[in-house]
Amino acid sequence: MIVGFGNVGQKMAAMLTEERDKYPGLANLELKPVAIFTGRHGGLVNAQGIDLAQALKQYRGSGGFPATPLTALQALETLDYDVLVEISTLDIANRGGLAMAHVRAALDRGKHVATANKGPAAFAYRELAALAEKKKVRFLFESAVMDGTPIFCLGRALRGVRVTGFSGIFNTTTNFVLSRLEAGESMASAVRTAQELGFAEADPANDLEGWDSSAKTAILANFFLDAGIDPLRVDRCGITGVTPDAIARARAAGRKIKLICRAWREDGQVRAEVQPREIAGDHYFAMINGRAAALRLEFDMLGPLWILEENPDLLDTAAGVLQDLLAIAGEG
Ligand SMILES: NC(=O)c1ccc[n+]([C@@H]2O[C@H](COP(=O)([O-])OP(=O)(O)OC[C@H]3O[C@@H](n4cnc5c(N)ncnc54)[C@H](OP(=O)(O)O)[C@@H]3O)[C@@H](O)[C@H]2O)c1
């Protein structure tokens, strides 16, 4: 069952249908949705399976689906399906919002979950991971941080090695805006450019005020450090207070300002923060410009490991969800 059919849902559908020949790794993945739901653009329900190519054509052609008698939550609680693909809108203000109920309902019925929505793992990782374990199903969210970059499956592949902390630059919009500020552009103009290029939200507050970064930091801290925290417990400051003067002063000193996300253990507790920081010009973080993202993992028995992501787009996000589905299908 697919809940959310926006950018990610439609890209995933396109990859599995009209673009399929480009991705031989998807050859064994046959997805037969029994329902597709949106928020305000109707849905489709068909117990025999929905033709994804037709559904995509219908959505594009008529700008939506017909109204459905069931809500997504009612369908998740009553219909027959194997996997929930939760790709609805992130709702930070309501602690994950309906997506939490969707994921909880699916796991509770012993259904696997693959989600790119940050809400569930950011607000209730411990509870949902425990529920998935109890029901012997997977709760996977590879695209929730750094799109399809294999971070969580890397974590699951570690044997005996413990992550002791991490730092990173996770939010494309803020990193892009900071790079533009350095080049002398104003905050308003840089945000407008990010919107025109299609990766900043119409309301960019979640990004600029650090909420998106806090959600990703909470997910990583929950997954790697068993922090049991949520985005509200991340010590958060966005970039709205970063002035052109501060950028110019940093540049004059050969430094850069970046929105750095961190989590570490201190006095038996996990601390997490998202803060604009001045970075030395020769630090790896100083080279993460524009739309790039980076994660530095620290371990007890390995040296630090860097994962850099260059200019991710929708393909990466959809690919992450498909990786989760392949893992659920037993292909990885
Ligand atoms: N885009 C990316 O590159 C990216 C990267 C990483 C993670 N993500 C996450 O992936 C998710 C999907 O992203 P997106 O870019 O596809 O978002 P999007 O284009 O805004 O699409 C969201 C979809 O969710 C639907 N929806 C909203 N509330 C719903 C509800 N209560 N029940 C059922 N459907 C609902 C929307 O329907 P309506 O249009 O009818 O409201 C829409 O179809 C988000 O959580 C996002 O944070 C996205």
# chains A, B, ... in the order shown; residues from 1 in each chain; ligands from 1
call {"tool": "closest_atom_pairs", "arguments": {"of": "chain A", "to": "ligand 1", "cutoff": "8 Å", "atoms": "only C-alpha atoms and all ligand atoms", "output": "CSV"}}
result
residue,atom,partner,partner_atom_place_in_ligand_line,distance
A:Val3,CA,ligand 1,33 (C),4.9
A:Gly4,CA,ligand 1,24 (O),3.4
A:Phe5,CA,ligand 1,43 (O),3.6
A:Gly6,CA,ligand 1,21 (O),3.2
A:Asn7,CA,ligand 1,16 (O),3.7
A:Val8,CA,ligand 1,16 (O),3.7
A:Gly9,CA,ligand 1,16 (O),5.6
A:Gln10,CA,ligand 1,16 (O),7.5
A:Phe37,CA,ligand 1,33 (C),5.0
A:Thr38,CA,ligand 1,34 (N),3.5
A:Gly39,CA,ligand 1,35 (C),3.5
A:Arg40,CA,ligand 1,40 (O),3.3
A:His41,CA,ligand 1,40 (O),4.0
A:Gly42,CA,ligand 1,40 (O),6.8
A:Gly64,CA,ligand 1,40 (O),7.7
A:Thr71,CA,ligand 1,32 (N),7.5
A:Ala72,CA,ligand 1,32 (N),5.8
A:Leu73,CA,ligand 1,32 (N),7.9
A:Glu86,CA,ligand 1,11 (C),7.6
A:Ile87,CA,ligand 1,11 (C),4.2
A:Ser88,CA,ligand 1,24 (O),3.2
A:Thr89,CA,ligand 1,45 (O),4.1
A:Leu90,CA,ligand 1,45 (O),4.1
A:Asp91,CA,ligand 1,45 (O),7.8
A:Gly97,CA,ligand 1,31 (N),7.9
A:Leu98,CA,ligand 1,31 (N),5.5
A:Ala99,CA,ligand 1,31 (N),6.8
A:Thr115,CA,ligand 1,10 (O),7.4
A:Ala116,CA,ligand 1,10 (O),4.3
A:Asn117,CA,ligand 1,45 (O),3.4
A:Lys118,CA,ligand 1,45 (O),6.0
A:Gly119,CA,ligand 1,45 (O),7.4
A:Ser143,CA,ligand 1,6 (C),5.4
A:Ala144,CA,ligand 1,7 (C),5.0
A:Val145,CA,ligand 1,6 (C),6.6
A:Met146,CA,ligand 1,6 (C),6.9
A:Asp147,CA,ligand 1,6 (C),4.9
A:Phe199,CA,ligand 1,3 (O),7.1
A:Pro312,CA,ligand 1,3 (O),7.8
A:Asp313,CA,ligand 1,3 (O),5.8
A:Leu314,CA,ligand 1,3 (O),4.6
A:Leu315,CA,ligand 1,3 (O),7.9
A:Asp316,CA,ligand 1,3 (O),7.5
A:Thr317,CA,ligand 1,5 (C),5.1
A:Ala318,CA,ligand 1,3 (O),7.9
call {"tool": "residues_around", "arguments": {"residues": "A:Ala13", "least_positions_apart": "5", "cutoff": "8 Å", "atoms": "only C-alpha atoms", "output": "ChimeraX atom specification"}}
result
/A:52-53,56
call {"tool": "atom_distance", "arguments": {"atom1": "atom CA of A:Thr164", "atom2": "atom CA of A:Phe299"}}
result
5.1 Å
call {"tool": "atom_distance", "arguments": {"atom1": "atom CA of A:Leu154", "atom2": "atom CA of A:Trp306"}}
result
12.2 Å
call {"tool": "residues_around", "arguments": {"residues": "stretch 203-218 of chain A", "least_positions_apart": "6", "cutoff": "9 Å", "atoms": "only C-alpha atoms", "output": "ChimeraX atom specification"}}
result
/A:92,118-119,121-123,144-146,167-174,177,191,195,227-240,259-263,272-275
